[in-house]
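Asker: So here's run38.cif, just mmCIF, C-alpha atoms:
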```cif
data_input
loop_
_atom_site.label_atom_id
_atom_site.label_comp_id
_atom_site.auth_asym_id
_atom_site.auth_seq_id
_atom_site.Cartn_x
_atom_site.Cartn_y
_atom_site.Cartn_z
CA MET A 1 -47.31 -86.55 27.37
CA ASN A 2 -48.40 -90.16 27.15
CA LEU A 3 -46.07 -92.41 25.18
CA TYR A 4 -48.68 -95.04 24.36
CA LYS A 5 -51.31 -92.58 23.19
CA ASP A 6 -48.69 -90.70 21.15
CA LEU A 7 -47.67 -93.96 19.47
CA MET A 8 -51.26 -94.91 18.72
CA SER A 9 -52.09 -91.48 17.32
CA THR A 10 -49.71 -92.20 14.42
CA LEU A 11 -51.05 -95.65 13.59
CA PRO A 12 -53.34 -96.65 10.73
CA ASP A 13 -56.14 -98.98 11.73
CA GLY A 14 -56.24 -102.53 10.46
CA ASP A 15 -58.08 -105.82 10.70
CA ILE A 16 -56.60 -108.36 13.11
CA SER A 17 -55.85 -111.66 11.42
CA GLN A 18 -54.09 -113.59 14.21
CA VAL A 19 -53.19 -113.13 17.87
CA LEU A 20 -50.72 -115.65 19.22
CA ILE A 21 -49.56 -115.58 22.84
CA GLY A 22 -46.61 -117.95 22.92
CA LEU A 23 -44.39 -119.13 25.75
CA ARG A 24 -41.75 -116.46 25.09
CA TRP A 25 -43.15 -114.24 22.33
CA THR A 26 -46.47 -112.71 21.43
CA ALA A 27 -47.35 -112.07 17.79
CA VAL A 28 -50.13 -109.98 16.29
CA VAL A 29 -50.85 -110.24 12.56
CA SER A 30 -52.84 -107.39 11.05
CA LYS A 31 -54.05 -106.54 7.57
CA VAL A 32 -53.36 -102.92 6.72
CA TYR A 33 -53.86 -101.44 3.25
CA GLY A 34 -54.30 -104.99 1.98
CA ASN A 35 -50.98 -106.24 3.39
CA LEU A 36 -50.49 -108.83 6.13
CA GLN A 37 -47.86 -107.76 8.66
CA CYS A 38 -46.69 -109.22 11.95
CA GLY A 39 -45.60 -107.39 15.10
CA LEU A 40 -43.77 -109.03 18.00
CA ALA A 41 -43.45 -108.41 21.73
CA SER A 42 -42.04 -110.35 24.66
CA THR A 43 -44.65 -112.36 26.51
CA LEU A 44 -44.68 -111.28 30.16
CA ALA A 45 -45.35 -114.05 32.65
CA ALA A 46 -48.99 -114.83 33.29
CA ASN A 47 -50.65 -115.13 36.68
CA HIS A 48 -50.85 -118.84 37.54
CA ASP A 49 -53.43 -118.35 40.28
CA HIS A 50 -56.44 -120.15 38.81
CA HIS A 51 -58.78 -118.35 41.21
CA SER A 52 -57.81 -114.84 40.09
CA ALA A 53 -59.25 -112.77 37.27
CA PRO A 54 -58.24 -113.98 33.78
CA ASP A 55 -55.04 -112.58 32.25
CA VAL A 56 -56.78 -112.40 28.86
CA PRO A 57 -60.40 -111.35 29.59
CA SER A 58 -61.46 -111.71 25.95
CA ALA A 59 -59.57 -114.91 25.20
CA GLY A 60 -60.91 -116.45 22.00
CA GLN A 61 -62.32 -113.09 20.84
CA LEU A 62 -59.20 -110.98 20.31
CA GLU A 63 -59.20 -111.40 16.54
CA ILE A 64 -62.58 -109.70 16.41
CA SER A 65 -60.94 -106.46 17.62
CA ASN A 66 -59.64 -103.87 15.20
CA GLY A 67 -55.98 -102.94 15.30
CA ILE A 68 -56.29 -99.69 17.26
CA THR A 69 -58.45 -101.32 19.94
CA LEU A 70 -55.90 -104.10 20.39
CA ALA A 71 -52.99 -101.64 20.42
CA ALA A 72 -54.67 -99.77 23.30
CA CYS A 73 -54.14 -102.89 25.41
CA ALA A 74 -50.53 -101.71 25.85
CA GLU A 75 -51.92 -99.74 28.82
CA SER A 76 -53.84 -102.70 30.28
CA ASP A 77 -53.57 -103.79 33.90
CA SER A 78 -52.86 -107.31 32.63
CA SER A 79 -49.20 -107.97 31.79
CA VAL A 80 -50.19 -110.49 29.13
CA MET A 81 -52.53 -108.02 27.46
CA ARG A 82 -49.80 -105.36 27.52
CA SER A 83 -47.68 -107.79 25.50
CA VAL A 84 -50.56 -108.14 23.05
CA GLY A 85 -50.95 -104.36 22.86
CA VAL A 86 -47.28 -103.71 22.12
CA ALA A 87 -47.25 -106.48 19.49
CA ALA A 88 -50.31 -104.85 17.89
CA ILE A 89 -48.57 -101.45 17.85
CA ASN A 90 -45.56 -103.03 16.15
CA SER A 91 -47.77 -104.80 13.64
CA LEU A 92 -49.58 -101.63 12.59
CA LEU A 93 -46.35 -99.62 12.45
CA LEU A 94 -44.92 -101.79 9.71
CA SER A 95 -47.21 -100.11 7.18
CA GLN A 96 -45.28 -96.87 7.60
CA ASN A 97 -42.31 -96.23 5.35
CA GLN A 98 -39.49 -95.54 7.80
CA PRO A 99 -35.78 -95.41 6.88
CA LEU A 100 -34.49 -98.75 8.13
CA VAL A 101 -30.90 -100.01 8.07
CA ASP A 102 -29.93 -103.69 8.33
CA GLN A 103 -28.03 -103.55 11.61
CA ASN A 104 -28.30 -105.68 14.73
CA ALA A 105 -28.21 -104.29 18.25
CA GLU A 106 -24.94 -105.96 19.25
CA GLU A 107 -22.99 -104.28 16.44
CA VAL A 108 -24.64 -100.91 17.06
CA ILE A 109 -23.87 -100.93 20.79
CA ALA A 110 -20.31 -102.11 20.17
CA ALA A 111 -19.68 -99.34 17.65
CA TYR A 112 -21.11 -96.49 19.70
CA GLY A 113 -19.80 -97.93 22.98
CA ASN A 114 -16.19 -98.29 21.88
CA GLY A 115 -14.09 -96.92 24.76
CA LYS A 116 -17.21 -95.66 26.56
CA ARG A 117 -19.28 -96.58 29.59
CA VAL A 118 -22.28 -98.63 28.44
CA VAL A 119 -25.27 -99.43 30.64
CA LEU A 120 -27.56 -102.16 29.31
CA VAL A 121 -31.03 -102.54 30.83
CA GLY A 122 -32.02 -106.14 30.20
CA SER A 123 -30.07 -109.35 29.76
CA PHE A 124 -29.21 -110.36 26.18
CA PRO A 125 -27.31 -113.39 24.83
CA PHE A 126 -24.66 -111.17 23.20
CA ILE A 127 -23.45 -109.74 26.54
CA PRO A 128 -20.38 -112.03 26.86
CA ARG A 129 -19.21 -110.94 23.40
CA LEU A 130 -20.02 -107.29 24.00
CA GLU A 131 -17.98 -106.92 27.19
CA SER A 132 -14.65 -106.90 25.37
CA ARG A 133 -15.91 -104.50 22.68
CA VAL A 134 -16.90 -101.51 24.84
CA GLY A 135 -15.03 -99.47 27.41
CA ASN A 136 -17.08 -100.64 30.38
CA LEU A 137 -20.34 -102.61 30.49
CA THR A 138 -22.90 -102.65 33.30
CA VAL A 139 -26.04 -104.77 33.04
CA LEU A 140 -29.21 -104.08 35.03
CA GLU A 141 -31.80 -106.86 35.33
CA ILE A 142 -34.99 -107.53 37.28
CA THR A 143 -33.64 -110.96 38.28
CA PRO A 144 -29.87 -110.46 37.92
CA SER A 145 -27.49 -113.27 37.05
CA PRO A 146 -23.90 -113.30 38.41
CA GLY A 147 -22.14 -110.13 37.26
CA GLU A 148 -25.40 -108.22 36.72
CA LEU A 149 -26.92 -105.59 39.00
CA PRO A 150 -30.49 -105.41 40.35
CA LYS A 151 -32.90 -102.87 38.88
CA ASN A 152 -33.09 -100.89 42.13
CA LEU A 153 -29.59 -99.58 41.38
CA ALA A 154 -30.78 -97.92 38.15
CA LYS A 155 -30.88 -94.46 39.76
CA ASP A 156 -27.18 -94.78 40.64
CA VAL A 157 -25.93 -96.43 37.45
CA ILE A 158 -27.90 -94.95 34.53
CA PRO A 159 -26.83 -91.30 35.03
CA THR A 160 -23.18 -92.39 34.56
CA ALA A 161 -23.75 -93.97 31.13
CA ASP A 162 -22.27 -92.60 27.92
CA VAL A 163 -24.40 -95.12 26.04
CA LEU A 164 -27.68 -96.38 27.51
CA ALA A 165 -29.29 -99.40 25.83
CA ILE A 166 -32.76 -100.33 27.07
CA THR A 167 -34.75 -103.45 26.24
CA GLY A 168 -38.06 -102.83 24.50
CA MET A 169 -39.65 -105.01 27.17
CA THR A 170 -39.72 -101.87 29.35
CA LEU A 171 -42.59 -100.66 27.16
CA ILE A 172 -44.56 -103.68 28.32
CA ASN A 173 -43.76 -103.40 32.02
CA HIS A 174 -44.23 -99.59 31.92
CA THR A 175 -40.75 -98.66 33.18
CA LEU A 176 -39.29 -97.08 30.02
CA GLU A 177 -40.15 -93.45 30.74
CA SER A 178 -38.81 -93.59 34.31
CA LEU A 179 -35.53 -95.06 33.02
CA LEU A 180 -35.21 -92.38 30.33
CA ASP A 181 -35.69 -89.71 33.01
CA LEU A 182 -32.54 -90.98 34.75
CA CYS A 183 -30.12 -90.69 31.83
CA SER A 184 -27.67 -87.89 31.18
CA SER A 185 -28.63 -85.39 28.48
CA GLN A 186 -25.29 -86.25 26.83
CA ALA A 187 -25.94 -90.01 26.68
CA LEU A 188 -26.72 -91.86 23.47
CA VAL A 189 -29.93 -93.79 24.11
CA ILE A 190 -30.73 -97.02 22.25
CA LEU A 191 -34.02 -98.93 22.49
CA LEU A 192 -33.56 -102.52 21.39
CA GLY A 193 -35.27 -105.84 20.90
CA PRO A 194 -38.28 -107.15 18.97
CA SER A 195 -40.65 -105.33 21.34
CA ALA A 196 -39.16 -101.94 20.39
CA PRO A 197 -41.51 -99.91 18.14
CA LEU A 198 -39.89 -98.67 14.94
CA SER A 199 -41.51 -95.26 15.31
CA PRO A 200 -40.09 -91.71 15.30
CA VAL A 201 -42.38 -91.04 18.26
CA MET A 202 -39.69 -92.67 20.40
CA PHE A 203 -37.31 -89.86 19.48
CA ASP A 204 -39.66 -87.36 21.14
CA TYR A 205 -39.10 -89.23 24.41
CA GLY A 206 -35.31 -89.14 24.34
CA VAL A 207 -34.43 -92.27 22.36
CA ASP A 208 -31.73 -91.69 19.70
CA LEU A 209 -31.66 -95.05 17.94
CA ILE A 210 -34.06 -98.00 17.73
CA CYS A 211 -32.88 -101.54 17.03
CA GLY A 212 -35.96 -103.59 16.24
CA SER A 213 -37.17 -106.36 13.96
CA VAL A 214 -39.30 -107.00 10.90
CA VAL A 215 -40.91 -110.40 10.27
CA THR A 216 -40.07 -111.58 6.74
CA ASP A 217 -41.47 -115.14 6.83
CA LEU A 218 -44.83 -114.97 8.55
CA GLU A 219 -45.71 -118.67 8.36
CA GLN A 220 -42.40 -119.92 9.76
CA VAL A 221 -42.22 -117.29 12.51
CA ILE A 222 -45.78 -118.02 13.70
CA ARG A 223 -45.01 -121.75 13.75
CA ALA A 224 -41.85 -121.18 15.81
CA ILE A 225 -43.60 -118.90 18.33
CA ARG A 226 -46.49 -121.33 18.66
CA GLN A 227 -43.99 -124.04 19.63
CA GLY A 228 -42.23 -121.99 22.31
CA ALA A 229 -39.20 -120.74 20.35
CA ASN A 230 -36.71 -118.32 21.89
CA PHE A 231 -35.72 -115.30 19.84
CA ARG A 232 -32.66 -116.92 18.29
CA GLN A 233 -35.00 -119.55 16.83
CA VAL A 234 -37.58 -116.95 15.80
CA HIS A 235 -34.85 -114.92 14.10
CA ARG A 236 -33.70 -117.93 12.09
CA ALA A 237 -37.32 -118.69 11.16
CA GLY A 238 -37.63 -115.37 9.36
CA VAL A 239 -36.89 -112.06 11.10
CA ARG A 240 -34.84 -109.15 9.78
CA LEU A 241 -32.87 -107.14 12.36
CA VAL A 242 -33.02 -103.42 11.59
CA SER A 243 -32.19 -100.01 13.06
CA MET A 244 -33.58 -96.51 12.64
CA ALA A 245 -32.15 -93.29 14.06
CA ARG A 246 -33.22 -89.74 14.71
CA GLU A 247 -32.31 -87.40 11.85
CA THR A 248 -29.63 -85.60 13.86
CA LEU A 249 -27.74 -88.80 14.62
CA LEU A 250 -25.07 -89.74 12.08
CA ILE A 251 -25.35 -93.48 11.41
CA ASP A 252 -22.25 -95.41 10.47
CA TYR A 253 -23.67 -97.63 7.73
CA SER A 254 -20.51 -99.77 7.75
CA ILE A 255 -21.30 -101.16 11.23
#
```
Show me this structure written as structure tokens.

Answerer:
Amino acid sequence: MNLYKDLMSTLPDGDISQVLIGLRWTAVVSKVYGNLQCGLASTLAANHDHHSAPDVPSAGQLEISNGITLAACAESDSSVMRSVGVAAINSLLLSQNQPLVDQNAEEVIAAYGNGKRVVLVGSFPFIPRLESRVGNLTVLEITPSPGELPKNLAKDVIPTADVLAITGMTLINHTLESLLDLCSSQALVILLGPSAPLSPVMFDYGVDLICGSVVTDLEQVIRAIRQGANFRQVHRAGVRLVSMARETLLIDYSI
């Protein structure tokens, strides 16, 4: 199994309209079936060694690529190009009619984590509010802040989780599948964040629920990303927070 190839095998092709690699977020705008749609992904840090190979080998030419070619960059050796690839996957996915519910990740985790042990992979701004709403919260981070644990403890912490919530950024740094392998078969697994693909393919890999995003105001979102906006600013500019779940998972639509 190859997660990236499985994702791409379900995608329609499209013409690339814009590729924007911002300070915090990468956006790819594609035209599929006559519709413009925008996919997002976290921008992984670039290599600042000016003597090394370029992070974006085809800089200035990316919009010449078709959608599938750009999506294949999710498997690139370049972290920046992996961000572009995941954003392209998310852009092309939006043409598919998936059952989406207007729910944000904080409310979903709080509801399913009530009285349970929650492990969150990735640091999110809602963590201080979430701590009092779940039974127990453990946060794993690459560069942990006070109260968070380093990623090398994942093998000890993740198997104990009743609810495991993983940032979609793990698709970009290629750690998602190894993290999923660590979780209990009884755990509820949530993939969250704008980088998370809203695709049922994720359910084949052990994810139960996806909390992602849909760009609703293309012009404003592109302007915000171009000017270095964080996600709170991008969200206000025009992003809808949505969830989709595997068919066997009963969603509480009142969350």

Asker: Which value, in Å to one decimal, gives the distance between atom CA of Tyr205 of chain A and atom CA of Ser91 of chain A?

Answerer: 20.8 Å

Asker: Using all atoms listed in the file, which residues of segment 99-217 of chain A come within 12 Å of segment 57-80 of chain A, and what is the closest atom pair for each, with the distance in Å to one decimal? Give it as a tab-separated table, sorted by chain and residue number.

Answerer:
```
residue	atom	partner	partner_atom	distance
A:Met169	CA	A:Ser79	CA	11.0
A:Thr170	CA	A:Ala74	CA	11.4
A:Leu171	CA	A:Ala74	CA	8.1
A:Ile172	CA	A:Ala74	CA	6.8
A:Asn173	CA	A:Ser79	CA	7.1
A:His174	CA	A:Glu75	CA	8.3
A:Ser195	CA	A:Ala74	CA	11.4
A:Pro197	CA	A:Ala71	CA	11.8
```

Asker: With a distance cut-off of 9 Å and all atoms listed in the file, select the neighbouring residues of segment 27-30 of chain A, excluding the residue or stretch itself and same-chain residues fewer than 5 positions from it, and output the selection as a VMD selection string.

Answerer: chain A and resid 14 to 22 35 to 42 66 to 67 83 to 85 87 to 92 218 222 225

Asker: Please determine, counting all atoms listed in the file, which residue among A:Leu149, A:Cys183, A:Met8, A:Leu120 has the shortest atom-to-atom distance to Met202 of chain A.

Answerer: A:Met8

Asker: What gap, in Å, lies between atom CA of Ser178 of chain A and atom CA of Ser9 of chain A?

Answerer: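 Here the two named atoms are 21.7 Å from each other.
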
Asker: Hey, which of A:Val157, A:Val234, A:Ile109, A:Leu7 ends up closest to Val134 of chain A? Count all atoms listed in the file.

Answerer: A:Ile109

Asker: Just want the 12 Å neighbourhood of Val108 of chain A, counted on only C-alpha atoms, with same-chain residues fewer than 4 positions away dropped. Output as an mmCIF file with C-alpha atoms, in the coordinates of the input.

Answerer:
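Below is the file that was written, result04.cif:
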```
data_model
loop_
_atom_site.group_PDB
_atom_site.id
_atom_site.type_symbol
_atom_site.label_atom_id
_atom_site.label_comp_id
_atom_site.auth_asym_id
_atom_site.auth_seq_id
_atom_site.Cartn_x
_atom_site.Cartn_y
_atom_site.Cartn_z
ATOM 1 C CA VAL A 101 -30.900 -100.010 8.070
ATOM 2 C CA ASP A 102 -29.930 -103.690 8.330
ATOM 3 C CA GLN A 103 -28.030 -103.550 11.610
ATOM 4 C CA ASN A 104 -28.300 -105.680 14.730
ATOM 5 C CA TYR A 112 -21.110 -96.490 19.700
ATOM 6 C CA GLY A 113 -19.800 -97.930 22.980
ATOM 7 C CA ASN A 114 -16.190 -98.290 21.880
ATOM 8 C CA VAL A 118 -22.280 -98.630 28.440
ATOM 9 C CA PHE A 126 -24.660 -111.170 23.200
ATOM 10 C CA LEU A 130 -20.020 -107.290 24.000
ATOM 11 C CA ARG A 133 -15.910 -104.500 22.680
ATOM 12 C CA VAL A 134 -16.900 -101.510 24.840
ATOM 13 C CA VAL A 163 -24.400 -95.120 26.040
ATOM 14 C CA LEU A 164 -27.680 -96.380 27.510
ATOM 15 C CA ALA A 165 -29.290 -99.400 25.830
ATOM 16 C CA LEU A 188 -26.720 -91.860 23.470
ATOM 17 C CA VAL A 189 -29.930 -93.790 24.110
ATOM 18 C CA ILE A 190 -30.730 -97.020 22.250
ATOM 19 C CA LEU A 191 -34.020 -98.930 22.490
ATOM 20 C CA LEU A 192 -33.560 -102.520 21.390
ATOM 21 C CA ASP A 208 -31.730 -91.690 19.700
ATOM 22 C CA LEU A 209 -31.660 -95.050 17.940
ATOM 23 C CA ILE A 210 -34.060 -98.000 17.730
ATOM 24 C CA CYS A 211 -32.880 -101.540 17.030
ATOM 25 C CA GLY A 212 -35.960 -103.590 16.240
ATOM 26 C CA LEU A 241 -32.870 -107.140 12.360
ATOM 27 C CA VAL A 242 -33.020 -103.420 11.590
ATOM 28 C CA SER A 243 -32.190 -100.010 13.060
ATOM 29 C CA MET A 244 -33.580 -96.510 12.640
ATOM 30 C CA ALA A 245 -32.150 -93.290 14.060
ATOM 31 C CA ILE A 251 -25.350 -93.480 11.410
ATOM 32 C CA ASP A 252 -22.250 -95.410 10.470
ATOM 33 C CA TYR A 253 -23.670 -97.630 7.730
ATOM 34 C CA SER A 254 -20.510 -99.770 7.750
ATOM 35 C CA ILE A 255 -21.300 -101.160 11.230
#
```

Asker: I'd like the interatomic distance between atom CA of Asp6 of chain A and atom CA of Leu176 of chain A, to a tenth of an Å.

Answerer: 14.4 Å

Asker: Pick from A:Gln96, A:Thr43, A:Gln186, A:Thr138: nearest to Thr10 of chain A, with all atoms listed in the file counted?

Answerer: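 Looking at the shortest contact to Thr10 of chain A, the residue is A:Gln96.
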
Asker: Nearest residue to Ala196 of chain A out of A:Ser213, A:Ser145, A:Ser184, A:Ser52, using all atoms listed in the file?

Answerer: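 Comparing A:Ser213, A:Ser145, A:Ser184, A:Ser52 against Ala196 of chain A, the winner is A:Ser213.
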
Asker: Using the chain letters and numbering of this document, enumerate as a PyMOL selection string the residues selected by the PyMOL selection byres ((chain A and resi 235) around 10).

Answerer: chain A and resi 194+213-217+221+224+229-234+236-241

Asker: Taking into account all atoms listed in the file, which residue in the set A:Val86, A:Ala161, A:Ile166, A:Arg129 is nearest to Lys5 of chain A?

Answerer: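 Using all atoms listed in the file, Lys5 of chain A sits closest to A:Val86.
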
Asker: For Ala154 of chain A, list every protein, DNA or RNA residue within 9 Å, evaluated using all atoms listed in the file, and leave out those in the same chain fewer than 6 positions away; present the list as a PyMOL selection string.

Answerer: chain A and resi 121+140+179+182

Asker: Using all atoms listed in the file, find the one residue out of A:Val32, A:Leu94, A:Leu100, A:Ile158 that sits nearest to Val119 of chain A.

Answerer: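 Among A:Val32, A:Leu94, A:Leu100, A:Ile158, it is A:Ile158 that comes nearest to Val119 of chain A.
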